Amino acid sequence: MSVEVKFFAGLREQLQRDVYLLEAGAAATVAEAWRISTDGQPTPGNLLCAVNMEYVDFDHPLKDGDEVAFFPPVTGG
Amino acid sequence: MHVELRDRPFEPYAELQAYETANIPAGKFGATGVFVGTMRDFNEGDAVQTMWLEHYPGMTEKYLQTISIQAAQDRPLLDSLIIHRIGHIEPADPIVLVAVWSAHRSAAFDAVRFLMEELKSKAPFWKKETLTGGDRWVEKNTPG
């Protein structure tokens with residue numbers, strides 16, 4: 001198992017990365033997942049994150065098999 | 001309660017009528033609240049030719065279902081319907097339909113406002129506009 005990190009919209013284009021696989025145990029929190037999966041890119045001030053398709057804070061803990069997503073402010077409707 | 005994403009143009013008023021006829025008991029509702037959002041051909045002073053609407057498959061549907069449940073928990077709704085476009089969109093195409101049914105107008109007005117504000121601020125959709133000079137992501141929604 002592993003942790004899958006997904007990027008969406010402008011963030012995906014900016015990072016040129018849509019999915020990143022973290023080895024199990026590599027990241028204890030969402031913040032660590034960001035650091036590893038983006039090679040230490042600075043965190044955008046308006047960054048949103050989700051774990052298993054629910055909004056979470058940046059310090060949210062991770063477990064094996066989680067799906068993490070990072071994305072910019074939403075603009076639907 | 002129904003939530004649906006569409007990758008093709010849809011006709012919101014026909015959808016509304018069809019859903020109401022099939023799902024809402026005649027005589028039981030006194031108020032239908034409706035919001036239709038439509039693509040403009042201008043944004044922030046620029047002409048917009050087309051738009052691409054990205055979403056997060058799975059989370060977008062889940063979020064819309066969550067707010068539909070929340071809307072019905074907090075006020076006396078009989079039913080609700082959300083249809084939202086994804087993919088390639090042209091000016092004048094409807095983007096979103098939110099409809100609710102209730103016995104009285106207060107819950108209907110209030111639920112439509114609630115659903116649209118939650119959708120605009122939290123549902124994972126992202127708009128990319130095509131202008132004459134190239135493409136750009138819409139950075140944020142205007143306040144309600």
# chains A, B, ... in the order shown; residues from 1 in each chain; ligands from 1
>>> interface_residues(of="chain B", to="chain A", cutoff="7 Å", atoms="only C-alpha atoms", output="list in words")
Gly37, Glu54, Met59, Ile95, Val96, Leu119, Lys120, Ser121, Lys122, Ala123, Pro124, Phe125, Trp126, Lys127, Trp137, Val138, Glu139, Lys140 and Asn141 of chain B
>>> residues_around(residues="segment 70-77 of chain B", least_positions_apart="3", cutoff="8 Å", atoms="only C-alpha atoms", output="list of chain:residue names")
B:Thr66, B:Ile67, B:Ser80, B:Val100, B:Trp101, B:Ser102, B:Ala103, B:Ala107, B:Ala108, B:Ala111, B:Phe114, B:Leu115
>>> residues_around(residues="segment 21-38 of chain A", least_positions_apart="2", cutoff="10 Å", atoms="only C-alpha atoms", output="JSON, numbers by chain")
{"A": [1, 2, 3, 4, 5, 6, 7, 15, 16, 17, 19, 40, 41, 42, 43, 49, 50, 51, 56, 57, 58, 59, 60, 61, 62, 63, 64, 65, 66, 67, 68, 69, 70]}
>>> atom_distance(atom1="atom CA of Gln14 of chain A", atom2="atom CA of Pro91 of chain B")
26.8 Å
>>> atom_distance(atom1="atom CA of Tyr63 of chain B", atom2="atom CA of Val3 of chain B")
9.8 Å
>>> residues_around(residues="Val48 of chain B", least_positions_apart="4", cutoff="9 Å", atoms="only C-alpha atoms", output="number ranges by chain")
B: 40-43, 91, 129-132
>>> select_by_dssp(residues="chain A", states="alpha helix (DSSP H)", output="JSON, numbers by chain")
{"A": [9, 10, 11, 12, 13, 14, 15, 30, 31, 32, 33, 34, 35, 36, 37]}
>>> write_last_selection(atoms="C-alpha atoms", output="tab-separated table (two decimals), in the first residue's frame")
chain	number	residue	atom	x	y	z
A	9	ALA	CA	-6.22	22.63	-11.91
A	10	GLY	CA	-3.67	25.46	-11.95
A	11	LEU	CA	-1.63	23.79	-9.23
A	12	ARG	CA	-1.23	20.64	-11.34
A	13	GLU	CA	-0.04	22.72	-14.29
A	14	GLN	CA	2.29	24.81	-12.18
A	15	LEU	CA	3.90	21.76	-10.58
A	30	VAL	CA	-0.62	16.25	4.97
A	31	ALA	CA	2.10	18.90	5.36
A	32	GLU	CA	4.79	16.26	4.99
A	33	ALA	CA	3.03	14.80	1.98
A	34	TRP	CA	3.13	18.27	0.39
A	35	ARG	CA	6.83	18.70	1.12
A	36	ILE	CA	7.81	15.32	-0.30
A	37	SER	CA	5.49	15.25	-3.30
>>> select_by_dssp(residues="chain B", states="strand (DSSP E)", output="PyMOL selection string")
chain B and resi 2-6+31-38+42-43+46-47+50-55+77-85+87-89+94-102+125-131+134-137
>>> residues_around(residues="His104 of chain B", least_positions_apart="4", cutoff="8 Å", atoms="only C-alpha atoms", output="ChimeraX atom specification")
/B:29-31,108
>>> atom_distance(atom1="atom CA of Pro57 of chain B", atom2="atom CA of Ala18 of chain B")
25.9 Å
>>> closest_residue(among="B:Met51, B:Ala99, B:Ile86, B:Leu78", to="Phe10 of chain B", atoms="only C-alpha atoms")
B:Ile86
>>> residues_around(residues="Tyr19 of chain B", least_positions_apart="3", cutoff="10 Å", atoms="only C-alpha atoms", output="PyMOL selection string")
chain B and resi 2+13-16+22-24+80-81+99
>>> write_last_selection(atoms="C-alpha atoms", output="compact mmCIF listing (two decimals), in the first residue's frame")
# COMPACT_ATOMS: atom_id res chain seq x y z
CA HIS B 2 -30.35 13.97 -6.70
CA TYR B 13 -36.02 24.02 -17.14
CA ALA B 14 -36.79 20.74 -18.89
CA GLU B 15 -34.73 18.90 -16.24
CA LEU B 16 -36.59 20.73 -13.48
CA ALA B 22 -41.28 12.07 -11.54
CA ASN B 23 -40.33 12.68 -7.92
CA ILE B 24 -42.31 15.34 -6.07
CA SER B 80 -33.55 18.84 -4.00
CA LEU B 81 -31.86 18.57 -7.37
CA ALA B 99 -33.74 23.33 -7.37
>>> closest_residue(among="B:Leu5, B:Val36, B:Met116, B:Ala26", to="Tyr56 of chain B", atoms="only C-alpha atoms")
B:Leu5
>>> closest_residue(among="B:Gly134, B:Gly27, B:Gly58, B:Gly33", to="Leu97 of chain B", atoms="only C-alpha atoms")
B:Gly33
>>> residues_around(residues="Thr38 of chain B", least_positions_apart="5", cutoff="6 Å", atoms="only C-alpha atoms", output="JSON, numbers by chain")
{"B": [92, 93, 94, 95]}
>>> write_last_selection(atoms="N, CA and C atoms", output="CSV table (one decimal), in the first residue's frame")
chain,number,residue,atom,x,y,z
B,92,ALA,N,-23.4,31.3,-22.8
B,92,ALA,CA,-24.8,31.1,-22.8
B,92,ALA,C,-25.2,29.6,-22.4
B,93,ASP,N,-24.3,28.7,-22.3
B,93,ASP,CA,-24.6,27.4,-21.8
B,93,ASP,C,-24.9,27.5,-20.3
B,94,PRO,N,-26.0,26.8,-19.9
B,94,PRO,CA,-26.2,26.7,-18.4
B,94,PRO,C,-25.1,25.9,-17.8
B,95,ILE,N,-24.6,26.3,-16.6
B,95,ILE,CA,-23.5,25.6,-15.9
B,95,ILE,C,-24.1,24.8,-14.7
